[in-house]
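Okay, model.cif is below, mmCIF, C-alpha atoms:
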data_run
#
loop_
_atom_site.label_atom_id
_atom_site.label_comp_id
_atom_site.auth_asym_id
_atom_site.auth_seq_id
_atom_site.Cartn_x
_atom_site.Cartn_y
_atom_site.Cartn_z
CA MET A 23 -2.21 -5.94 -6.70
CA GLN A 24 -4.77 -7.07 -4.22
CA ASN A 25 -6.38 -4.06 -2.65
CA VAL A 26 -6.59 -5.40 0.86
CA ARG A 27 -3.90 -7.46 2.45
CA THR A 28 -3.01 -5.63 5.63
CA ILE A 29 -5.48 -4.38 8.21
CA ALA A 30 -4.50 -2.11 11.11
CA VAL A 31 -6.65 -2.41 14.22
CA ILE A 32 -6.41 0.63 16.46
CA GLY A 33 -8.01 -0.10 19.81
CA ALA A 34 -7.35 -3.81 19.35
CA ALA A 35 -7.49 -4.64 23.06
CA GLU A 36 -11.29 -4.39 23.06
CA LYS A 37 -12.15 -7.95 24.07
CA ARG A 38 -15.60 -7.97 22.50
CA ASN A 39 -14.00 -7.79 19.06
CA PHE A 40 -11.84 -10.86 19.61
CA THR A 41 -13.93 -13.11 17.34
CA VAL A 42 -13.73 -10.57 14.53
CA LEU A 43 -9.95 -10.27 14.87
CA LYS A 44 -9.55 -14.03 15.05
CA GLU A 45 -11.42 -14.52 11.77
CA LEU A 46 -9.74 -11.59 10.03
CA GLY A 47 -6.36 -12.94 11.15
CA GLU A 48 -7.02 -16.14 9.21
CA GLN A 49 -7.00 -14.27 5.91
CA TYR A 50 -5.27 -10.93 6.37
CA GLN A 51 -2.14 -9.52 7.93
CA LEU A 52 -3.13 -7.74 11.13
CA LEU A 53 -1.24 -4.88 12.74
CA LEU A 54 -2.59 -4.36 16.25
CA PHE A 55 -2.29 -1.22 18.34
CA ASP A 56 -3.75 -0.14 21.66
CA LYS A 57 -2.69 2.45 24.20
CA ASP A 58 -3.06 -0.28 26.83
CA GLN A 59 -0.05 -2.33 25.75
CA ASP A 60 -0.53 -4.98 28.46
CA ALA A 61 -4.10 -5.69 27.37
CA LEU A 62 -2.88 -5.65 23.77
CA SER A 63 -0.20 -8.25 24.55
CA GLU A 64 -2.90 -10.47 26.05
CA ILE A 65 -5.09 -10.23 22.94
CA HIS A 66 -2.08 -10.67 20.67
CA GLU A 67 -1.00 -13.85 22.43
CA SER A 68 -4.54 -15.23 22.38
CA LEU A 69 -4.83 -14.58 18.65
CA LEU A 70 -1.47 -16.20 17.95
CA ALA A 71 -2.44 -19.19 20.09
CA GLN A 72 -5.40 -19.79 17.78
CA ASN A 73 -3.57 -19.03 14.55
CA ARG A 74 0.12 -19.89 14.75
CA HIS A 75 0.77 -19.27 11.08
CA GLY A 76 -1.05 -15.95 10.94
CA TYR A 77 0.76 -12.68 10.36
CA ILE A 78 -0.44 -10.86 13.44
CA GLU A 79 1.84 -8.19 14.76
CA LYS A 80 1.72 -5.98 17.82
CA MET A 81 2.62 -2.39 16.96
CA ASP A 82 3.75 0.37 19.30
CA CYS A 83 2.58 3.23 17.09
CA ALA A 84 -0.89 3.82 15.66
CA VAL A 85 0.47 5.97 12.84
CA ASN A 86 2.92 3.35 11.59
CA ALA A 87 0.28 0.62 11.83
CA SER A 88 -2.19 2.72 9.83
CA TRP A 89 0.47 3.79 7.34
CA GLU A 90 1.30 0.17 6.49
CA ALA A 91 -2.33 -0.89 6.33
CA ASP A 92 -4.70 -1.04 3.39
CA ILE A 93 -7.70 -0.78 5.72
CA ILE A 94 -7.87 0.71 9.21
CA ILE A 95 -10.23 -0.49 11.93
CA LEU A 96 -10.98 1.87 14.80
CA SER A 97 -12.44 0.21 17.87
CA GLY A 98 -12.37 0.27 21.65
CA PHE A 99 -10.81 3.33 23.26
CA CYS A 100 -10.38 5.40 20.12
CA ILE A 101 -14.05 5.53 19.12
CA ASN A 102 -14.50 8.51 21.42
CA ASP A 103 -10.92 9.77 21.50
CA ALA A 104 -10.52 12.54 18.93
CA ALA A 105 -6.85 13.15 19.78
CA ALA A 106 -5.97 9.51 19.14
CA VAL A 107 -7.68 9.30 15.76
CA GLU A 108 -6.43 12.72 14.60
CA LYS A 109 -2.88 11.32 14.69
CA ILE A 110 -3.54 8.84 11.90
CA LYS A 111 -5.36 11.31 9.65
CA GLU A 112 -2.45 11.96 7.30
CA VAL A 113 -1.75 8.30 6.61
CA ALA A 114 -5.42 7.39 6.16
CA THR A 115 -6.04 9.38 2.96
CA ALA A 116 -8.12 7.44 0.40
CA LYS A 117 -8.20 4.37 2.67
CA ILE A 118 -11.25 2.63 4.08
CA ILE A 119 -11.70 3.26 7.79
CA ILE A 120 -13.96 0.85 9.64
CA VAL A 121 -15.45 2.10 12.89
CA LEU A 122 -16.24 -1.12 14.73
CA GLU A 123 -18.79 -0.79 17.51
CA ASN A 124 -20.96 -3.04 19.59
CA GLU A 125 -24.67 -2.21 19.64
CA GLU A 126 -24.69 -0.91 23.21
CA GLU A 127 -21.57 1.11 22.57
CA PHE A 128 -23.25 2.61 19.52
CA THR A 129 -26.49 3.43 21.36
CA SER A 130 -24.80 4.97 24.39
CA SER A 131 -22.35 7.03 22.41
CA ILE A 132 -24.59 8.16 19.61
CA ASN A 133 -25.07 11.65 21.01
CA ASN A 134 -21.45 12.46 21.67
CA GLN A 135 -19.94 10.35 18.96
CA LEU A 136 -17.08 11.73 16.91
CA SER A 137 -17.93 12.63 13.37
CA PHE A 138 -15.46 10.44 11.52
CA ASP A 139 -16.58 11.84 8.17
CA LEU A 140 -15.41 15.27 9.34
CA ILE A 141 -12.18 14.03 10.88
CA PHE A 142 -11.29 11.98 7.78
CA PRO A 143 -12.74 13.92 4.85
CA HIS A 144 -10.55 12.07 2.34
CA SER A 145 -11.10 8.56 3.68
CA LYS A 146 -14.01 6.19 3.17
CA ILE A 147 -15.78 5.65 6.46
CA VAL A 148 -17.75 2.47 7.09
CA GLU A 149 -19.40 2.16 10.47
CA ILE A 150 -19.99 -1.40 11.60
CA ILE A 151 -22.36 -2.21 14.41
CA ASN A 152 -22.12 -5.66 15.89
CA LEU A 153 -25.71 -6.89 16.21
CA SER A 154 -24.85 -10.19 17.87
CA ILE A 155 -26.28 -10.60 21.34
CA ASP A 156 -23.58 -12.87 22.73
CA GLU A 157 -20.62 -14.99 21.73
CA ASN A 158 -22.77 -18.02 20.89
CA THR A 159 -25.09 -16.41 18.36
CA GLU A 160 -24.27 -16.08 14.70
CA LYS A 161 -22.24 -12.97 14.08
CA GLU A 162 -24.28 -10.32 12.35
CA PHE A 163 -23.12 -6.84 11.46
CA LEU A 164 -24.85 -3.73 10.18
CA LEU A 165 -22.65 -1.71 7.80
CA GLU A 166 -23.33 1.99 7.35
CA GLY A 167 -21.56 4.50 5.17
CA HIS A 168 -21.73 6.86 2.20
CA ASN A 169 -19.34 5.12 -0.19
CA SER A 170 -20.94 2.14 -1.94
CA LYS A 171 -17.63 0.63 -3.09
CA ALA A 172 -16.22 0.80 0.42
CA LEU A 173 -19.38 -0.80 1.81
CA ASP A 174 -19.12 -3.61 -0.75
CA THR A 175 -15.42 -4.13 0.00
CA VAL A 176 -16.00 -4.33 3.76
CA SER A 177 -19.04 -6.53 3.32
CA GLY A 178 -16.95 -8.85 1.13
CA ILE A 179 -14.26 -9.04 3.81
CA PHE A 180 -16.70 -9.80 6.62
CA GLU A 181 -18.80 -12.25 4.56
CA GLY A 182 -15.54 -13.93 3.51
CA CYS A 183 -14.81 -14.46 7.20
CA GLY A 184 -18.15 -16.22 7.65
CA PHE A 185 -20.11 -13.31 9.11
CA THR A 186 -23.52 -12.04 8.01
CA THR A 187 -23.69 -8.39 6.97
CA TYR A 188 -26.51 -5.96 6.26
CA ILE A 189 -25.67 -2.83 4.27
CA SER A 190 -27.26 0.54 4.90
CA GLN A 191 -26.00 3.15 2.46
CA LEU A 192 -26.34 6.70 3.74
CA ASN A 193 -27.11 9.61 1.41
CA MET B 28 5.31 12.50 3.10
CA TYR B 29 4.63 14.19 -0.25
CA GLU B 30 7.98 15.96 -0.83
CA GLN B 31 9.15 13.77 -3.72
CA LEU B 32 5.75 13.95 -5.40
CA ALA B 33 5.75 17.74 -5.17
CA LYS B 34 9.26 17.79 -6.63
CA SER B 35 8.41 15.37 -9.45
CA ILE B 36 5.28 17.28 -10.48
CA GLY B 37 6.98 20.67 -10.03
CA GLU B 38 9.79 19.67 -12.40
CA LYS B 39 7.30 19.11 -15.21
CA VAL B 40 4.26 21.30 -14.68
CA ALA B 41 3.16 24.24 -12.53
CA LEU B 42 0.74 23.49 -9.72
CA THR B 43 -0.52 25.93 -7.07
CA ALA B 44 -0.40 24.97 -3.40
CA ALA B 45 -4.18 24.56 -3.38
CA GLU B 46 -4.03 22.34 -6.46
CA PHE B 47 -1.32 20.21 -4.88
CA ASP B 48 -3.41 19.88 -1.70
CA LEU B 49 -6.26 18.60 -3.87
CA CYS B 50 -3.88 16.30 -5.73
CA LYS B 51 -2.70 14.70 -2.47
CA THR B 52 -6.22 13.57 -1.57
CA PHE B 53 -6.21 11.07 -4.47
CA PHE B 54 -3.15 9.17 -3.25
CA ILE B 55 -3.08 6.32 -0.74
CA PRO B 56 -0.05 6.58 1.58
CA LYS B 57 1.43 3.14 2.10
CA LYS B 58 4.49 1.83 3.91
CA ILE B 59 5.95 -1.42 2.69
CA ARG B 60 8.74 -3.42 4.27
CA LYS B 61 11.84 -4.79 2.61
CA LYS B 62 11.03 -7.93 0.56
CA GLN B 63 7.26 -7.34 0.82
CA THR B 64 5.44 -7.48 -2.49
CA LEU B 65 3.14 -4.80 -3.81
CA LEU B 66 2.06 -6.89 -6.79
CA LEU B 67 2.22 -10.60 -7.44
CA GLU B 68 2.61 -12.01 -10.94
CA GLY B 69 -0.84 -13.23 -12.03
CA ASP B 70 -2.81 -10.64 -10.04
CA VAL B 71 -4.38 -7.59 -11.65
CA CYS B 72 -2.29 -4.50 -10.96
CA THR B 73 -4.60 -1.98 -9.32
CA TYR B 74 -2.03 0.67 -8.39
CA ASN B 75 0.46 2.96 -9.99
CA ALA B 76 2.96 3.49 -7.19
CA PHE B 77 5.03 6.63 -6.63
CA ILE B 78 8.10 6.16 -4.45
CA GLU B 79 8.60 8.76 -1.73
CA LYS B 80 11.31 6.75 -0.01
CA GLY B 81 13.06 3.44 -0.73
CA ILE B 82 13.59 1.25 -3.77
CA LEU B 83 11.30 -1.20 -5.52
CA ARG B 84 11.92 -3.62 -8.35
CA SER B 85 9.67 -5.31 -10.86
CA TYR B 86 10.62 -8.71 -12.16
CA THR B 87 9.28 -11.66 -14.07
CA THR B 88 10.07 -15.30 -13.41
CA ASP B 89 10.87 -17.78 -16.19
CA ALA B 90 9.89 -21.45 -16.40
CA LYS B 91 13.12 -22.45 -14.63
CA GLY B 92 12.35 -20.15 -11.71
CA ASN B 93 14.95 -17.53 -12.64
CA GLU B 94 14.04 -13.92 -11.92
CA HIS B 95 14.57 -11.29 -14.60
CA ILE B 96 14.48 -7.73 -13.33
CA ILE B 97 12.61 -5.36 -15.59
CA GLN B 98 12.86 -2.14 -13.60
CA PHE B 99 14.25 -0.57 -10.46
CA ALA B 100 12.37 2.41 -9.06
CA PHE B 101 14.02 4.89 -6.70
CA GLU B 102 12.73 7.95 -4.84
CA GLY B 103 10.69 10.18 -7.15
CA TRP B 104 9.95 7.38 -9.63
CA TRP B 105 6.75 5.58 -10.55
CA ILE B 106 6.38 1.81 -10.84
CA THR B 107 3.53 -0.36 -12.07
CA ASP B 108 2.71 -3.03 -14.60
CA LEU B 109 1.25 -0.58 -17.09
CA SER B 110 -0.67 -3.00 -19.31
CA SER B 111 -2.23 -4.70 -16.30
CA PHE B 112 -2.96 -1.34 -14.63
CA LEU B 113 -4.58 0.21 -17.71
CA MET B 114 -6.15 -2.86 -19.33
CA GLY B 115 -7.11 -4.86 -16.22
CA GLU B 116 -5.17 -7.91 -17.43
CA ASN B 117 -3.31 -10.28 -15.16
CA SER B 118 0.15 -9.00 -14.42
CA THR B 119 3.27 -10.62 -15.79
CA TYR B 120 5.44 -8.93 -13.15
CA THR B 121 5.98 -9.05 -9.44
CA ILE B 122 6.77 -5.75 -7.71
CA GLU B 123 8.78 -6.00 -4.51
CA ALA B 124 10.51 -3.63 -2.09
CA ILE B 125 14.31 -3.83 -1.94
CA GLU B 126 14.36 -1.48 1.07
CA ASP B 127 11.70 -0.42 3.58
CA SER B 128 9.75 2.01 1.42
CA GLU B 129 7.13 4.75 1.59
CA LEU B 130 4.76 4.88 -1.36
CA LEU B 131 1.88 6.91 -2.67
CA LEU B 132 -0.55 4.69 -4.53
CA LEU B 133 -2.91 5.81 -7.26
CA THR B 134 -5.72 3.57 -8.50
CA ALA B 135 -6.80 3.76 -12.15
CA ALA B 136 -10.12 5.30 -11.09
CA ALA B 137 -8.40 7.88 -8.88
CA ARG B 138 -5.99 8.69 -11.72
CA GLU B 139 -8.91 9.41 -14.05
CA GLU B 140 -10.67 11.51 -11.41
CA LEU B 141 -7.47 13.41 -10.70
CA MET B 142 -6.90 14.15 -14.39
CA ASN B 143 -10.48 15.42 -14.64
CA ALA B 144 -10.11 17.57 -11.54
CA LEU B 145 -6.66 18.85 -12.49
CA PRO B 146 -6.05 18.73 -16.27
CA VAL B 147 -2.43 19.74 -15.66
CA PHE B 148 -1.93 16.34 -14.04
CA GLU B 149 -2.73 14.75 -17.40
CA ARG B 150 0.11 16.76 -18.96
CA TYR B 151 2.40 15.60 -16.14
CA GLN B 152 1.42 11.98 -16.82
CA ARG B 153 1.97 12.42 -20.56
CA LEU B 154 5.47 13.80 -19.99
CA LEU B 155 6.25 10.89 -17.66
CA LEU B 156 5.07 8.35 -20.22
CA GLU B 157 7.14 10.02 -22.96
CA ASN B 158 10.23 9.88 -20.77
CA ALA B 159 9.51 6.28 -19.85
CA TYR B 160 9.19 5.33 -23.51
CA ILE B 161 12.49 7.03 -24.35
CA ALA B 162 14.16 5.21 -21.47
CA LEU B 163 12.67 1.92 -22.63
CA GLN B 164 14.04 2.44 -26.16
CA ALA B 165 17.46 3.21 -24.73
CA ARG B 166 17.32 0.06 -22.59
CA VAL B 167 16.36 -2.14 -25.55
CA ASN B 168 19.10 -0.56 -27.65
CA SER B 169 21.64 -1.11 -24.91
CA ALA B 170 20.52 -4.72 -24.40
CA LEU B 171 20.97 -5.43 -28.11
CA THR B 172 24.19 -3.58 -28.86
CA ALA B 173 26.24 -2.75 -25.73
CA THR B 174 28.94 -4.88 -24.17
CA ALA B 175 28.61 -6.03 -20.57
CA GLU B 176 31.07 -3.35 -19.44
CA GLU B 177 29.25 -0.61 -21.36
CA LYS B 178 25.91 -1.65 -19.87
CA TYR B 179 27.29 -1.59 -16.33
CA THR B 180 29.14 1.70 -16.81
CA LYS B 181 26.09 3.42 -18.26
CA LEU B 182 23.97 2.22 -15.37
CA THR B 183 26.37 3.39 -12.67
CA ILE B 184 26.77 6.79 -14.34
CA ALA B 185 22.99 7.25 -14.61
CA TYR B 186 22.32 5.97 -11.06
CA PRO B 187 25.50 6.40 -8.98
CA ASP B 188 24.03 5.06 -5.73
CA ILE B 189 22.64 1.88 -7.27
CA VAL B 190 25.79 -0.07 -6.39
CA ALA B 191 25.49 0.82 -2.72
CA ARG B 192 21.74 0.21 -2.44
CA VAL B 193 20.99 -2.72 -4.72
CA PRO B 194 22.49 -6.22 -4.35
CA GLN B 195 24.92 -7.17 -7.13
CA HIS B 196 22.92 -10.21 -8.26
CA MET B 197 19.92 -7.93 -8.89
CA ILE B 198 22.02 -5.50 -10.93
CA ALA B 199 23.31 -8.49 -12.93
CA SER B 200 19.75 -9.68 -13.53
CA TYR B 201 18.68 -6.18 -14.65
CA LEU B 202 21.57 -6.02 -17.13
CA GLY B 203 20.93 -9.54 -18.42
CA LEU B 204 24.29 -10.78 -17.12
CA THR B 205 25.21 -13.63 -14.84
CA PRO B 206 26.48 -12.55 -11.39
CA GLU B 207 29.87 -14.05 -12.34
CA THR B 208 30.11 -11.94 -15.49
CA LEU B 209 29.18 -8.80 -13.58
CA SER B 210 31.78 -9.57 -10.94
CA ARG B 211 34.43 -9.98 -13.67
CA VAL B 212 33.38 -6.71 -15.32
CA ARG B 213 33.60 -4.84 -12.03
CA LYS B 214 37.05 -6.30 -11.35
CA GLN B 215 38.29 -5.20 -14.79
CA ILE B 216 36.99 -1.67 -14.23
CA THR B 217 38.62 -1.50 -10.78
CA LEU B 218 41.98 -2.77 -12.08
CA ARG B 219 42.00 -0.15 -14.80
CA LYS B 220 41.56 2.75 -12.36
#

Could you show the structure in this file as structure tokens?
Amino acid sequence: MQNVRTIAVIGAAEKRNFTVLKELGEQYQLLLFDKDQDALSEIHESLLAQNRHGYIEKMDCAVNASWEADIIILSGFCINDAAAVEKIKEVATAKIIIVLENEEEFTSSINNQLSFDLIFPHSKIVEIINLSIDENTEKEFLLEGHNSKALDTVSGIFEGCGFTTYISQLN
Amino acid sequence: MYEQLAKSIGEKVALTAAEFDLCKTFFIPKKIRKKQTLLLEGDVCTYNAFIEKGILRSYTTDAKGNEHIIQFAFEGWWITDLSSFLMGENSTYTIEAIEDSELLLLTAAAREELMNALPVFERYQRLLLENAYIALQARVNSALTATAEEKYTKLTIAYPDIVARVPQHMIASYLGLTPETLSRVRKQITLRK
């Protein structure tokens, strides 16, 4: 059994993560959710336009998307929305949760950021900060987290998609 | 989400509510759709799957492309390729959902950690394995000695809802019969009633 085949992306309408989703969609099944369903439809159609044979599905429920997934990505609106992420807590046990942020998002929200380790005590949190300056530069990501296996798994996924990753294991 | 697991464990060993809460943290909740595979033949089996809802089957494929069903797993059952799961070898089975299913997955590492944290879980696992071995012996015995009608009758008595939930060609494959033979057997049984 392959450990990772399906990835749920909660907050998938965040346009700055389009390149990441496009590359992930080449190799994994993606289940996309966003509370802004119109923006989600736009992203979904754009992804399908670039990858007609990909298994990329628009979901209308974050819980069902996360329940089906092997890995959950939190991005966009839900990074600072405790109520939204609390809903998926029960179906995220023992799974890797990737918190995908852009550098500016990370810097501006660092003081009032949710503590994902506290919200998901039985999941493996990996925070990913997109270090790339713009769309044209090589995609580089800093990976932070406590669980070394989860960091290695996520690094393997991102490196496998052609991205460069730097791991920072927290104590 | 954990009702069947609580029932399955509770039938074999005693666990306090706090112990069961701890136990739950080792399992990965996973939904799988009808016809989706959990394990592909040739891959290493990394999960022992407990079925909360739905039905799964494990099967192997011969050189001619024919599927041979090894096991069905219903609510409250476990399914895995045990030698692959425990020894890390490539699997000889594919595991697939027959219905939309809700699973609780346990990795080999999590299983070890859970047995260390809750020794009673080791007893539960031992009892499961004993029962599975007894069932396996009965299945081999039946395959070697029973008639087609006896095999089918035994199966429907043991699992009354199997006929309604599992396609006939899969039941035939599980019993080692052709679909035509199974159809004939069912007709004979119906005529006799």

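A straight line drawn from atom CA of Phe185 of chain A to atom CA of Ala136 of chain B is 29.2 Å long.
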
Q.
For the provided coordinates, the residues matched by the PyMOL selection byres ((chain B) within 9 of (chain A)) should be stated as an NGL selection string.
A. :B and (28 or 51-60 or 64-68 or 70-74 or 118 or 129)

Q: Name the residues that the PyMOL selection byres ((chain A and resi 31) around 7) pulls out of this structure, and write them as number ranges by chain.
A: A: 29-30, 32-34, 53-55, 94-96

Could you save the residues just selected, with C-alpha atoms, as an mmCIF file, in the frame of the given file?
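Result file follows (again_26.cif):
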data_model
loop_
_atom_site.group_PDB
_atom_site.id
_atom_site.type_symbol
_atom_site.label_atom_id
_atom_site.label_comp_id
_atom_site.auth_asym_id
_atom_site.auth_seq_id
_atom_site.Cartn_x
_atom_site.Cartn_y
_atom_site.Cartn_z
ATOM 1 C CA ILE A 29 -5.480 -4.380 8.210
ATOM 2 C CA ALA A 30 -4.500 -2.110 11.110
ATOM 3 C CA ILE A 32 -6.410 0.630 16.460
ATOM 4 C CA GLY A 33 -8.010 -0.100 19.810
ATOM 5 C CA ALA A 34 -7.350 -3.810 19.350
ATOM 6 C CA LEU A 53 -1.240 -4.880 12.740
ATOM 7 C CA LEU A 54 -2.590 -4.360 16.250
ATOM 8 C CA PHE A 55 -2.290 -1.220 18.340
ATOM 9 C CA ILE A 94 -7.870 0.710 9.210
ATOM 10 C CA ILE A 95 -10.230 -0.490 11.930
ATOM 11 C CA LEU A 96 -10.980 1.870 14.800
#

Q: Enter the distance from atom CA of Glu140 of chain B to atom CA of Gly115 of chain B, in Å, rounded to one decimal.
A: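 For atom CA of Glu140 of chain B relative to atom CA of Gly115 of chain B, the distance reads 17.4 Å.
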
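The gap separating atom CA of Gln98 of chain B from atom CA of Glu123 of chain B is 10.7 Å, in Å to one decimal.
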
Neighbourhood query: residues within 8 Å of (32.2, -2.5, -18.8), file coordinates, counting only C-alpha atoms; return as a PDB file with C-alpha atoms, keeping the file's coordinate frame.
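Listed below is the output, point35.pdb:
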ATOM      1  CA  THR B 174      28.940  -4.880 -24.170  1.00  0.00           C
ATOM      2  CA  ALA B 175      28.610  -6.030 -20.570  1.00  0.00           C
ATOM      3  CA  GLU B 176      31.070  -3.350 -19.440  1.00  0.00           C
ATOM      4  CA  GLU B 177      29.250  -0.610 -21.360  1.00  0.00           C
ATOM      5  CA  LYS B 178      25.910  -1.650 -19.870  1.00  0.00           C
ATOM      6  CA  TYR B 179      27.290  -1.590 -16.330  1.00  0.00           C
ATOM      7  CA  THR B 180      29.140   1.700 -16.810  1.00  0.00           C
ATOM      8  CA  VAL B 212      33.380  -6.710 -15.320  1.00  0.00           C
ATOM      9  CA  ARG B 213      33.600  -4.840 -12.030  1.00  0.00           C
ATOM     10  CA  GLN B 215      38.290  -5.200 -14.790  1.00  0.00           C
ATOM     11  CA  ILE B 216      36.990  -1.670 -14.230  1.00  0.00           C
TER      12      ILE B 216
END

Q.
Nearest residue to Leu32 of chain B out of B:Ile122, B:Leu113, B:Val193, B:Leu132, using all atoms listed in the file?
A. B:Leu132

Q: I need the residue set behind the PyMOL selection byres ((chain A and resi 148) around 9) for this file; please write it as a PyMOL selection string.
A: chain A and resi 118-122+146-147+149-150+165-169+172-173+176

Q. Which one of A:Gln72, A:Thr175, A:Asn39, A:Ser190 sits closest to Ile93 of chain A if you count all atoms listed in the file?
A.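 Ranked by minimum distance to Ile93 of chain A, first place goes to A:Thr175.
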
(Q) At a cut-off of 9 Å, using all atoms listed in the file, what residues contact Leu46 of chain A? Leave out same-chain residues fewer than 3 positions from it and give the result as a PyMOL selection string. (A) chain A and resi 29+41-43+49-52+179-180+183

Selection near Tyr188 of chain A, 8 Å with only C-alpha atoms, sequence-local residues under 5 positions removed, as a PDB file with C-alpha atoms, keeping the file's coordinate frame:
ATOM      1  CA  GLU A 162     -24.280 -10.320  12.350  1.00  0.00           C
ATOM      2  CA  PHE A 163     -23.120  -6.840  11.460  1.00  0.00           C
ATOM      3  CA  LEU A 164     -24.850  -3.730  10.180  1.00  0.00           C
ATOM      4  CA  LEU A 165     -22.650  -1.710   7.800  1.00  0.00           C
TER       5      LEU A 165
END

Q. Between A:Ser97, A:Ser177, A:Ser170, A:Ser63, which has the minimum distance to Glu79 of chain A (counting only C-alpha atoms)?
A.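 Smallest distance to Glu79 of chain A is found for A:Ser63.
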
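Taking all atoms listed in the file into account, Arg211 of chain B lies nearest to B:Ala199 out of the set B:Ala45, B:Ala199, B:Ala90, B:Ile161.
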
**Q.** Option closest in space to Ile78 of chain B, from B:Lys214, B:His95, B:Lys34, B:Lys39 [counting all atoms listed in the file]
**A.** B:Lys34

What would the file be for segment 27-45 of chain A if you keep C-alpha atoms and write it as a PDB file, in the first residue's frame?
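Below is the file decode03.pdb, written as the result:
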ATOM      1  CA  ARG A  27      -1.965   8.691  -3.064  1.00  0.00           C
ATOM      2  CA  THR A  28      -4.653  11.221  -2.256  1.00  0.00           C
ATOM      3  CA  ILE A  29      -4.051  14.758  -1.059  1.00  0.00           C
ATOM      4  CA  ALA A  30      -6.827  17.044   0.211  1.00  0.00           C
ATOM      5  CA  VAL A  31      -6.231  20.753  -0.250  1.00  0.00           C
ATOM      6  CA  ILE A  32      -8.341  22.870   2.072  1.00  0.00           C
ATOM      7  CA  GLY A  33      -8.178  26.505   1.013  1.00  0.00           C
ATOM      8  CA  ALA A  34      -7.368  25.471  -2.543  1.00  0.00           C
ATOM      9  CA  ALA A  35      -8.567  28.719  -4.119  1.00  0.00           C
ATOM     10  CA  GLU A  36      -5.414  30.530  -2.969  1.00  0.00           C
ATOM     11  CA  LYS A  37      -3.988  31.518  -6.356  1.00  0.00           C
ATOM     12  CA  ARG A  38      -0.397  31.762  -5.187  1.00  0.00           C
ATOM     13  CA  ASN A  39      -0.341  28.001  -4.643  1.00  0.00           C
ATOM     14  CA  PHE A  40      -1.445  27.202  -8.187  1.00  0.00           C
ATOM     15  CA  THR A  41       2.011  25.996  -9.301  1.00  0.00           C
ATOM     16  CA  VAL A  42       2.228  23.657  -6.323  1.00  0.00           C
ATOM     17  CA  LEU A  43      -1.214  22.200  -7.019  1.00  0.00           C
ATOM     18  CA  LYS A  44      -0.440  21.843 -10.715  1.00  0.00           C
ATOM     19  CA  GLU A  45       2.694  19.808  -9.997  1.00  0.00           C
TER      20      GLU A  45
END
